[in-house]
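*Asks:* I am sharing input_5.txt, which consists of compact mmCIF, C-alpha atoms:
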# COMPACT_ATOMS: atom_id res chain seq x y z
CA MET A 1 -17.67 -14.56 -0.25
CA ASP A 2 -17.95 -12.06 -3.10
CA LYS A 3 -15.91 -13.59 -5.92
CA VAL A 4 -15.75 -10.41 -8.02
CA ARG A 5 -14.54 -8.34 -5.07
CA LEU A 6 -11.98 -11.01 -4.19
CA ILE A 7 -10.57 -11.00 -7.73
CA LYS A 8 -10.42 -7.19 -7.68
CA ALA A 9 -8.62 -7.32 -4.32
CA LEU A 10 -6.18 -9.92 -5.65
CA LYS A 11 -5.41 -7.83 -8.74
CA ARG A 12 -4.82 -4.70 -6.65
CA SER A 13 -2.73 -6.58 -4.14
CA PHE A 14 -0.65 -8.10 -6.92
CA LEU A 15 -0.04 -4.67 -8.42
CA ILE A 16 1.04 -3.16 -5.10
CA SER A 17 3.19 -6.18 -4.21
CA THR A 18 4.88 -6.14 -7.62
CA CYS A 19 5.91 -2.50 -7.13
CA PHE A 20 7.29 -3.18 -3.66
CA PHE A 21 9.00 -6.36 -4.86
CA ALA A 22 10.75 -4.53 -7.70
CA LEU A 23 11.89 -1.78 -5.31
CA THR A 24 13.15 -4.36 -2.79
CA ILE A 25 15.13 -6.23 -5.44
CA VAL A 26 16.76 -3.00 -6.60
CA LEU A 27 17.54 -2.04 -2.99
CA ILE A 28 19.06 -5.47 -2.25
CA ALA A 29 21.11 -5.33 -5.45
CA VAL A 30 22.44 -1.87 -4.56
CA CYS A 31 23.29 -2.98 -0.99
CA ILE A 32 25.09 -6.08 -2.23
CA ALA A 33 26.95 -4.10 -4.88
CA ILE A 34 28.14 -1.61 -2.27
CA SER A 35 29.03 -4.12 0.47
CA GLY A 36 30.41 -6.73 -1.93
CA GLU A 37 28.78 -9.58 -0.02
CA VAL A 38 28.30 -13.02 -1.52
CA ILE A 39 24.69 -13.92 -2.41
CA TYR A 40 23.54 -17.33 -1.25
CA PRO A 41 20.71 -19.14 -3.09
CA ASP A 42 18.39 -18.91 -0.07
CA MET A 43 18.78 -15.13 -0.10
CA ILE A 44 17.32 -15.00 -3.59
CA LEU A 45 14.44 -17.17 -2.46
CA ARG A 46 13.59 -15.06 0.61
CA PRO A 47 12.10 -12.01 -1.20
CA PHE A 48 9.86 -14.37 -3.18
CA LEU A 49 8.63 -16.03 0.02
CA VAL A 50 8.07 -12.69 1.77
CA PHE A 51 6.16 -11.26 -1.16
CA SER A 52 4.06 -14.41 -1.51
CA VAL A 53 2.96 -13.82 2.09
CA PHE A 54 2.55 -10.12 1.34
CA ILE A 55 0.23 -10.78 -1.63
CA VAL A 56 -2.01 -13.09 0.42
CA ILE A 57 -2.18 -10.76 3.44
CA ASN A 58 -2.68 -7.67 1.31
CA THR A 59 -5.48 -9.36 -0.64
CA ALA A 60 -7.21 -10.19 2.65
CA ARG A 61 -6.72 -6.61 3.85
CA ILE A 62 -8.12 -5.04 0.66
CA TYR A 63 -11.02 -7.51 0.61
CA LEU A 64 -11.95 -6.82 4.24
CA ALA A 65 -11.47 -3.06 3.88
CA GLY A 66 -13.93 -3.05 0.96
CA SER A 67 -16.67 -4.91 2.84
CA LYS A 68 -20.06 -3.37 3.57
CA TRP A 69 -19.25 -3.34 7.28
CA ALA A 70 -15.97 -1.50 6.77
CA SER A 71 -17.45 1.02 4.33
CA ASP A 72 -19.65 2.42 7.11
CA LYS A 73 -16.78 2.80 9.56
CA PRO A 74 -13.98 5.37 9.65
CA TYR A 75 -10.98 4.01 7.79
CA VAL A 76 -8.80 4.51 10.85
CA LEU A 77 -10.87 1.92 12.71
CA THR A 78 -10.58 -0.59 9.87
CA ASN A 79 -6.84 -0.01 9.64
CA LEU A 80 -6.40 -0.47 13.40
CA LEU A 81 -8.43 -3.69 13.30
CA LEU A 82 -6.34 -4.90 10.39
CA MET A 83 -3.12 -3.90 12.14
CA PRO A 84 -2.17 -7.54 12.93
CA LEU A 85 -2.02 -8.20 9.19
CA TYR A 86 0.32 -5.25 8.66
CA LEU A 87 2.37 -6.45 11.63
CA ILE A 88 2.70 -9.98 10.23
CA THR A 89 3.87 -8.54 6.89
CA ALA A 90 6.40 -6.26 8.58
CA MET A 91 7.66 -9.07 10.83
CA ALA A 92 7.97 -11.47 7.89
CA GLY A 93 10.04 -8.91 6.02
CA ILE A 94 12.31 -8.12 8.97
CA CYS A 95 12.83 -11.76 9.95
CA ALA A 96 13.55 -12.76 6.35
CA PHE A 97 16.36 -10.26 5.95
CA ASN A 98 17.75 -10.28 9.47
CA ASP A 99 19.17 -13.56 10.79
CA GLN A 100 20.42 -12.08 14.03
CA MET A 101 17.20 -11.04 15.69
CA SER A 102 17.08 -11.73 19.42
CA ALA A 103 14.03 -12.78 21.40
CA ALA A 104 13.92 -9.31 22.95
CA ASP A 105 13.78 -7.76 19.45
CA LEU A 106 10.90 -10.05 18.56
CA ILE A 107 8.94 -8.62 21.47
CA ARG A 108 10.15 -5.05 21.19
CA PHE A 109 9.55 -4.62 17.48
CA PRO A 110 5.78 -5.44 17.47
CA ILE A 111 5.21 -3.07 20.40
CA ILE A 112 7.06 -0.21 18.68
CA PHE A 113 5.26 -1.01 15.43
CA MET A 114 1.82 -0.93 17.05
CA ILE A 115 2.43 2.34 18.90
CA VAL A 116 3.88 4.15 15.86
CA PHE A 117 1.22 2.72 13.54
CA THR A 118 -1.64 3.78 15.84
CA ILE A 119 -0.30 7.30 16.37
CA LEU A 120 0.34 7.86 12.65
CA GLN A 121 -3.08 6.49 11.68
CA VAL A 122 -4.91 8.68 14.19
CA ILE A 123 -2.98 11.84 13.22
CA ARG A 124 -3.60 11.18 9.54
CA TYR A 125 -7.28 10.48 10.08
CA ILE A 126 -7.79 13.70 12.06
CA ALA A 127 -6.13 15.69 9.25
CA ASP A 128 -8.21 13.93 6.59
CA LYS A 129 -11.40 14.40 8.63
CA HIS A 130 -10.75 18.12 8.86
CA LYS A 131 -10.44 18.30 5.07
CA SER A 132 -13.55 16.20 4.48
CA ASP A 133 -15.53 18.44 6.87
CA GLU A 134 -14.71 21.39 4.62
CA ILE A 135 -15.85 19.37 1.60
CA ASN A 136 -19.08 18.48 3.43
CA ASP A 137 -19.74 22.17 4.00
CA ALA A 138 -19.20 22.83 0.30
CA LEU A 139 -21.54 19.94 -0.54
CA ASN A 140 -24.30 21.33 1.69
CA LYS A 141 -23.88 24.71 0.05
CA TYR A 142 -24.07 23.05 -3.38
CA HIS A 143 -27.27 21.25 -2.42
CA LYS A 144 -28.83 24.53 -1.33
CA GLU A 145 -27.77 26.30 -4.51
CA HIS A 146 -28.80 23.43 -6.80
CA PRO A 147 -32.07 21.97 -5.52
CA ASP A 148 -32.87 18.47 -6.68
CA TYR A 149 -35.92 19.62 -8.61
CA GLY A 150 -34.09 22.04 -10.92
CA GLU A 151 -33.71 25.75 -11.40
CA GLU A 152 -36.14 28.19 -9.91
CA ILE A 153 -37.10 31.06 -12.17
CA MET B 1 -54.93 22.88 -8.96
CA ARG B 2 -55.65 24.53 -12.28
CA LEU B 3 -53.99 23.58 -15.54
CA PHE B 4 -53.30 26.08 -18.33
CA LEU B 5 -52.00 25.05 -21.74
CA LYS B 6 -50.93 27.70 -24.19
CA GLU B 7 -49.60 27.20 -27.69
CA ASN B 8 -46.83 29.55 -28.79
CA THR B 9 -45.17 28.82 -32.12
CA ASP B 10 -42.46 31.42 -31.47
CA LEU B 11 -40.88 29.35 -28.69
CA LYS B 12 -37.67 27.48 -29.46
CA GLU B 13 -38.53 24.72 -27.00
CA THR B 14 -41.44 23.83 -24.73
CA GLU B 15 -41.46 25.81 -21.52
CA VAL B 16 -43.20 24.74 -18.32
CA GLU B 17 -43.92 27.29 -15.64
CA ILE B 18 -45.34 26.16 -12.31
CA ARG B 19 -46.99 28.80 -10.13
CA TYR B 20 -47.54 27.77 -6.57
CA LYS B 21 -48.55 29.25 -3.28
CA ILE B 22 -46.65 26.75 -1.16
CA LEU B 23 -44.00 24.27 -2.29
CA ASP B 24 -45.87 21.23 -1.01
CA GLU B 25 -45.76 17.55 -1.89
CA GLU B 26 -48.14 17.97 -4.83
CA VAL B 27 -46.00 20.69 -6.40
CA GLU B 28 -42.81 18.72 -5.76
CA SER B 29 -44.22 15.65 -7.49
CA LEU B 30 -45.27 17.85 -10.40
CA ILE B 31 -41.76 19.30 -10.61
CA ALA B 32 -40.28 15.80 -10.47
CA ALA B 33 -42.59 14.62 -13.25
CA VAL B 34 -41.63 17.54 -15.50
CA LYS B 35 -37.95 17.04 -14.75
CA ASP B 36 -38.14 13.29 -15.29
CA SER B 37 -39.75 13.75 -18.69
CA ARG B 38 -36.94 16.11 -19.68
CA ASP B 39 -33.81 14.14 -18.79
CA LYS B 40 -33.92 10.46 -19.60
CA ILE B 41 -31.51 7.83 -20.78
CA LEU B 42 -32.34 4.34 -21.94
CA GLY B 43 -31.65 1.53 -19.53
CA TYR B 44 -32.16 -2.20 -19.80
CA LYS B 45 -33.52 -4.32 -17.01
CA ASP B 46 -32.18 -7.77 -16.12
CA ASN B 47 -34.71 -9.45 -18.41
CA GLY B 48 -33.66 -7.22 -21.32
CA ASP B 49 -36.72 -4.95 -21.20
CA LEU B 50 -36.08 -1.39 -22.27
CA ALA B 51 -36.79 1.22 -19.62
CA PRO B 52 -36.49 5.01 -19.94
CA LEU B 53 -34.52 6.05 -16.91
CA ALA B 54 -34.87 9.48 -15.32
CA VAL B 55 -31.43 11.00 -14.87
CA SER B 56 -32.40 12.51 -11.52
CA LYS B 57 -33.19 9.02 -10.20
CA ILE B 58 -29.70 7.70 -10.97
CA LEU B 59 -27.42 7.62 -7.95
CA TYR B 60 -24.30 6.58 -9.79
CA LEU B 61 -23.05 4.87 -12.93
CA GLU B 62 -20.37 2.23 -12.92
CA ALA B 63 -18.44 0.43 -15.63
CA VAL B 64 -17.96 -3.23 -14.81
CA ASP B 65 -15.95 -5.21 -17.36
CA ARG B 66 -17.36 -3.99 -20.68
CA TYR B 67 -20.77 -2.91 -19.44
CA VAL B 68 -22.06 0.24 -17.81
CA PHE B 69 -24.65 -0.03 -15.06
CA ALA B 70 -26.90 2.71 -13.70
CA TYR B 71 -27.83 2.37 -10.04
CA THR B 72 -31.03 3.90 -8.72
CA ALA B 73 -32.18 3.67 -5.09
CA SER B 74 -33.68 0.25 -5.65
CA GLU B 75 -32.76 -1.03 -9.11
CA VAL B 76 -29.85 -1.59 -11.44
CA TYR B 77 -30.05 -0.98 -15.19
CA LYS B 78 -27.62 -1.83 -17.94
CA VAL B 79 -26.85 1.16 -20.16
CA ARG B 80 -25.65 0.77 -23.72
CA LEU B 81 -23.45 3.83 -23.71
CA THR B 82 -19.82 4.16 -22.71
CA LEU B 83 -18.85 6.04 -19.58
CA TYR B 84 -17.29 8.74 -21.78
CA GLU B 85 -20.54 9.19 -23.71
CA LEU B 86 -22.50 9.34 -20.47
CA GLU B 87 -20.05 11.84 -19.02
CA ASP B 88 -20.76 14.14 -22.00
CA GLU B 89 -24.51 13.47 -21.87
CA LEU B 90 -24.73 14.19 -18.15
CA ARG B 91 -22.47 17.22 -18.10
CA GLY B 92 -24.20 20.09 -16.31
CA LYS B 93 -26.76 17.76 -14.76
CA HIS B 94 -25.11 17.39 -11.35
CA PHE B 95 -23.00 14.38 -12.37
CA VAL B 96 -19.25 14.14 -11.92
CA ARG B 97 -16.62 11.53 -12.72
CA ILE B 98 -15.15 10.11 -9.49
CA SER B 99 -12.94 7.31 -10.81
CA LYS B 100 -11.97 5.63 -14.05
CA SER B 101 -15.05 3.46 -13.72
CA SER B 102 -17.71 5.61 -12.01
CA ILE B 103 -19.77 8.76 -12.32
CA VAL B 104 -21.84 9.98 -9.37
CA ASN B 105 -24.92 12.16 -9.04
CA ILE B 106 -23.88 14.95 -6.65
CA ASN B 107 -27.48 15.38 -5.52
CA ALA B 108 -27.46 11.75 -4.36
CA VAL B 109 -24.49 12.32 -2.06
CA LYS B 110 -25.58 12.61 1.54
CA ARG B 111 -22.22 13.10 3.20
CA ILE B 112 -18.52 12.65 2.63
CA SER B 113 -15.94 10.97 4.81
CA PRO B 114 -12.21 10.50 4.32
CA ASP B 115 -10.85 7.23 2.99
CA SER B 116 -7.32 5.86 3.10
CA GLY B 117 -4.83 6.96 0.47
CA ARG B 118 -6.24 10.50 0.17
CA ARG B 119 -9.42 9.17 -1.36
CA LEU B 120 -12.94 10.23 -0.41
CA ARG B 121 -15.86 8.06 0.55
CA LEU B 122 -19.25 9.27 -0.63
CA HIS B 123 -22.26 8.10 1.37
CA LEU B 124 -25.29 8.06 -0.90
CA ASN B 125 -28.94 8.60 -0.04
CA ASN B 126 -29.70 4.88 -0.28
CA GLY B 127 -26.97 3.92 2.21
CA GLU B 128 -24.43 2.78 -0.39
CA THR B 129 -20.92 4.17 -0.49
CA VAL B 130 -18.74 4.93 -3.49
CA ILE B 131 -15.10 5.93 -3.56
CA VAL B 132 -13.59 9.01 -5.18
CA SER B 133 -10.17 8.01 -6.49
CA ARG B 134 -7.23 10.18 -5.51
CA GLY B 135 -6.87 11.45 -9.08
CA TYR B 136 -10.49 12.62 -9.21
CA VAL B 137 -10.75 14.32 -5.79
CA GLY B 138 -9.84 17.67 -7.38
CA ASP B 139 -12.55 17.25 -10.06
CA PHE B 140 -15.11 16.38 -7.42
CA LYS B 141 -14.19 19.40 -5.31
CA SER B 142 -14.40 21.68 -8.33
CA ALA B 143 -17.79 20.20 -9.23
CA ILE B 144 -19.22 21.14 -5.84
CA GLY B 145 -17.76 24.61 -6.05
CA MET B 146 -14.57 24.24 -4.05
CA LYS B 147 -11.45 25.80 -5.39
CA GLY B 148 -8.06 24.07 -5.40
CA ASP B 149 -7.11 20.42 -5.15
CA ALA B 150 -7.00 18.04 -2.19
Output the file's structure in the form of structure tokens.

*Replies:*
Amino acid sequence: MDKVRLIKALKRSFLISTCFFALTIVLIAVCIAISGEVIYPDMILRPFLVFSVFIVINTARIYLAGSKWASDKPYVLTNLLLMPLYLITAMAGICAFNDQMSAADLIRFPIIFMIVFTILQVIRYIADKHKSDEINDALNKYHKEHPDYGEEI
Amino acid sequence: MRLFLKENTDLKETEVEIRYKILDEEVESLIAAVKDSRDKILGYKDNGDLAPLAVSKILYLEAVDRYVFAYTASEVYKVRLTLYELEDELRGKHFVRISKSSIVNINAVKRISPDSGRRLRLHLNNGETVIVSRGYVGDFKSAIGMKGDA
């Protein structure tokens, strides 16, 4: 295990998680202020638990996505392989803030998540690939115009 | 191959002209030697030995903690210049800043593929990959002659 890469992944994950955590707290506060519901101690604890899981999972995701193996593969493939980690995070968040989830919801939600996630990833990758193809063309043109050995007189 | 040397005190700097019939391996190595002698920065090997480093051989430069490292196809050198200083030094020599911590040699980029978060992944000649941060994609595109941002 690459210690330096792991620390970098942890730092990045912590930064991302902190932003999401702050946004979630603000959102919860606004919802509670509007609805006027009473806050129970365990409700305060839940975001901390969810984001602890989120930090760990996100660190693993960033670490794996930065591996030599993943760097040679299209990012869509890496993201689809890491989809279970995204799913766990999403499920942890939903379960933590929703006490009335039925067994059917627990089956339905992951299926919907996986379908939507896959479609969005593929669409986004195709769009990004189209853009990077244009950049590749520009790069080839640049290489022709600027040979490695310098200017020709 | 014939070698001509001509002294001209009127010249502002030394000029090298290579006349060739065919651009073959011999001529290319001659060009590389002339180019290498022109653009060099000082690098330090692992054991602390000083090594003049041909700019054209550098694939990319990366700042790690407080040090800057120059990566060639097979070796890594420590450079005692900041990334900002190197950015100035290498301006106009096919190098471009691709993130807060890296500068890449455009001539060392083999192909480009998309990366998540609107970043770009540069595949270098030696098989390594480096990432262009979202904020530097526009600079990279401008450097290779593309207009407009990503």

*Asks:* Can you tell me, as a count of residues only, what residues are no more than 9 Å from range 61-63 of chain B when counting all atoms listed in the file, ignoring any on the same chain fewer than 2 positions away?

*Replies:* 19

*Asks:* Using all atoms listed in the file, find which residues of chain A lie within 12 Å of chain B and jot them down as a ChimeraX atom specification.

*Replies:* /A:4-5,8,62,65-79,121-122,124-153

*Asks:* Just write the chosen residues, C-alpha atoms, as a PDB file, in the coordinates of the input.

*Replies:*
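Contents of result_10.pdb, freshly written:
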ATOM      1  CA  VAL A   4     -15.750 -10.410  -8.020  1.00  0.00           C
ATOM      2  CA  ARG A   5     -14.540  -8.340  -5.070  1.00  0.00           C
ATOM      3  CA  LYS A   8     -10.420  -7.190  -7.680  1.00  0.00           C
ATOM      4  CA  ILE A  62      -8.120  -5.040   0.660  1.00  0.00           C
ATOM      5  CA  ALA A  65     -11.470  -3.060   3.880  1.00  0.00           C
ATOM      6  CA  GLY A  66     -13.930  -3.050   0.960  1.00  0.00           C
ATOM      7  CA  SER A  67     -16.670  -4.910   2.840  1.00  0.00           C
ATOM      8  CA  LYS A  68     -20.060  -3.370   3.570  1.00  0.00           C
ATOM      9  CA  TRP A  69     -19.250  -3.340   7.280  1.00  0.00           C
ATOM     10  CA  ALA A  70     -15.970  -1.500   6.770  1.00  0.00           C
ATOM     11  CA  SER A  71     -17.450   1.020   4.330  1.00  0.00           C
ATOM     12  CA  ASP A  72     -19.650   2.420   7.110  1.00  0.00           C
ATOM     13  CA  LYS A  73     -16.780   2.800   9.560  1.00  0.00           C
ATOM     14  CA  PRO A  74     -13.980   5.370   9.650  1.00  0.00           C
ATOM     15  CA  TYR A  75     -10.980   4.010   7.790  1.00  0.00           C
ATOM     16  CA  VAL A  76      -8.800   4.510  10.850  1.00  0.00           C
ATOM     17  CA  LEU A  77     -10.870   1.920  12.710  1.00  0.00           C
ATOM     18  CA  THR A  78     -10.580  -0.590   9.870  1.00  0.00           C
ATOM     19  CA  ASN A  79      -6.840  -0.010   9.640  1.00  0.00           C
ATOM     20  CA  GLN A 121      -3.080   6.490  11.680  1.00  0.00           C
ATOM     21  CA  VAL A 122      -4.910   8.680  14.190  1.00  0.00           C
ATOM     22  CA  ARG A 124      -3.600  11.180   9.540  1.00  0.00           C
ATOM     23  CA  TYR A 125      -7.280  10.480  10.080  1.00  0.00           C
ATOM     24  CA  ILE A 126      -7.790  13.700  12.060  1.00  0.00           C
ATOM     25  CA  ALA A 127      -6.130  15.690   9.250  1.00  0.00           C
ATOM     26  CA  ASP A 128      -8.210  13.930   6.590  1.00  0.00           C
ATOM     27  CA  LYS A 129     -11.400  14.400   8.630  1.00  0.00           C
ATOM     28  CA  HIS A 130     -10.750  18.120   8.860  1.00  0.00           C
ATOM     29  CA  LYS A 131     -10.440  18.300   5.070  1.00  0.00           C
ATOM     30  CA  SER A 132     -13.550  16.200   4.480  1.00  0.00           C
ATOM     31  CA  ASP A 133     -15.530  18.440   6.870  1.00  0.00           C
ATOM     32  CA  GLU A 134     -14.710  21.390   4.620  1.00  0.00           C
ATOM     33  CA  ILE A 135     -15.850  19.370   1.600  1.00  0.00           C
ATOM     34  CA  ASN A 136     -19.080  18.480   3.430  1.00  0.00           C
ATOM     35  CA  ASP A 137     -19.740  22.170   4.000  1.00  0.00           C
ATOM     36  CA  ALA A 138     -19.200  22.830   0.300  1.00  0.00           C
ATOM     37  CA  LEU A 139     -21.540  19.940  -0.540  1.00  0.00           C
ATOM     38  CA  ASN A 140     -24.300  21.330   1.690  1.00  0.00           C
ATOM     39  CA  LYS A 141     -23.880  24.710   0.050  1.00  0.00           C
ATOM     40  CA  TYR A 142     -24.070  23.050  -3.380  1.00  0.00           C
ATOM     41  CA  HIS A 143     -27.270  21.250  -2.420  1.00  0.00           C
ATOM     42  CA  LYS A 144     -28.830  24.530  -1.330  1.00  0.00           C
ATOM     43  CA  GLU A 145     -27.770  26.300  -4.510  1.00  0.00           C
ATOM     44  CA  HIS A 146     -28.800  23.430  -6.800  1.00  0.00           C
ATOM     45  CA  PRO A 147     -32.070  21.970  -5.520  1.00  0.00           C
ATOM     46  CA  ASP A 148     -32.870  18.470  -6.680  1.00  0.00           C
ATOM     47  CA  TYR A 149     -35.920  19.620  -8.610  1.00  0.00           C
ATOM     48  CA  GLY A 150     -34.090  22.040 -10.920  1.00  0.00           C
ATOM     49  CA  GLU A 151     -33.710  25.750 -11.400  1.00  0.00           C
ATOM     50  CA  GLU A 152     -36.140  28.190  -9.910  1.00  0.00           C
ATOM     51  CA  ILE A 153     -37.100  31.060 -12.170  1.00  0.00           C
TER      52      ILE A 153
END

*Asks:* If we count all atoms listed in the file, what is near Leu50 in chain B at a cut-off of 12 Å, once residues fewer than 3 positions away on the same chain are taken out, given as an MDAnalysis selection string?

*Replies:* chainID B and resid 41:47 53 77:80

*Asks:* Would you write out those residues with C-alpha atoms, as an mmCIF file, keeping the file's coordinate frame?

*Replies:*
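The result, written out as again_26.cif:
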data_model
loop_
_atom_site.group_PDB
_atom_site.id
_atom_site.type_symbol
_atom_site.label_atom_id
_atom_site.label_comp_id
_atom_site.auth_asym_id
_atom_site.auth_seq_id
_atom_site.Cartn_x
_atom_site.Cartn_y
_atom_site.Cartn_z
ATOM 1 C CA ILE B 41 -31.510 7.830 -20.780
ATOM 2 C CA LEU B 42 -32.340 4.340 -21.940
ATOM 3 C CA GLY B 43 -31.650 1.530 -19.530
ATOM 4 C CA TYR B 44 -32.160 -2.200 -19.800
ATOM 5 C CA LYS B 45 -33.520 -4.320 -17.010
ATOM 6 C CA ASP B 46 -32.180 -7.770 -16.120
ATOM 7 C CA ASN B 47 -34.710 -9.450 -18.410
ATOM 8 C CA LEU B 53 -34.520 6.050 -16.910
ATOM 9 C CA TYR B 77 -30.050 -0.980 -15.190
ATOM 10 C CA LYS B 78 -27.620 -1.830 -17.940
ATOM 11 C CA VAL B 79 -26.850 1.160 -20.160
ATOM 12 C CA ARG B 80 -25.650 0.770 -23.720
#

*Asks:* Do you have the CA of Val50 in chain A-CA of Phe21 in chain A distance handy?

*Replies:*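 CA of Phe21 in chain A lies 9.2 Å from CA of Val50 in chain A.
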
*Asks:* Taking only C-alpha atoms into account, which of B:Leu3, B:Lys40, B:Tyr84, B:Ser99 comes nearest Val16 in chain B?

*Replies:*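 Checking each candidate against Val16 in chain B, we get B:Leu3 as the closest.
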
*Asks:* Quick check, in Å to one decimal: how far apart do CA of Ala103 in chain A and CA of Thr24 in chain A lie?

*Replies:* 25.6 Å

*Asks:* In Å, rounded to a single decimal, give me how far CA of Arg19 in chain B is from CA of Lys6 in chain B.

*Replies:*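 Going from CA of Lys6 in chain B over to CA of Arg19 in chain B, I get 14.6 Å.
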
*Asks:* Given all atoms listed in the file as the basis, pick out the residue of A:Val38, A:Val30, A:Lys3, A:Thr89 nearest to Ser17 in chain A.

*Replies:* A:Thr89

*Asks:* Go through A:Ile119, A:Met91, A:Cys19, A:Leu27 and flag the residue nearest Ile107 in chain A, using all atoms listed in the file for the distances.

*Replies:* A:Met91
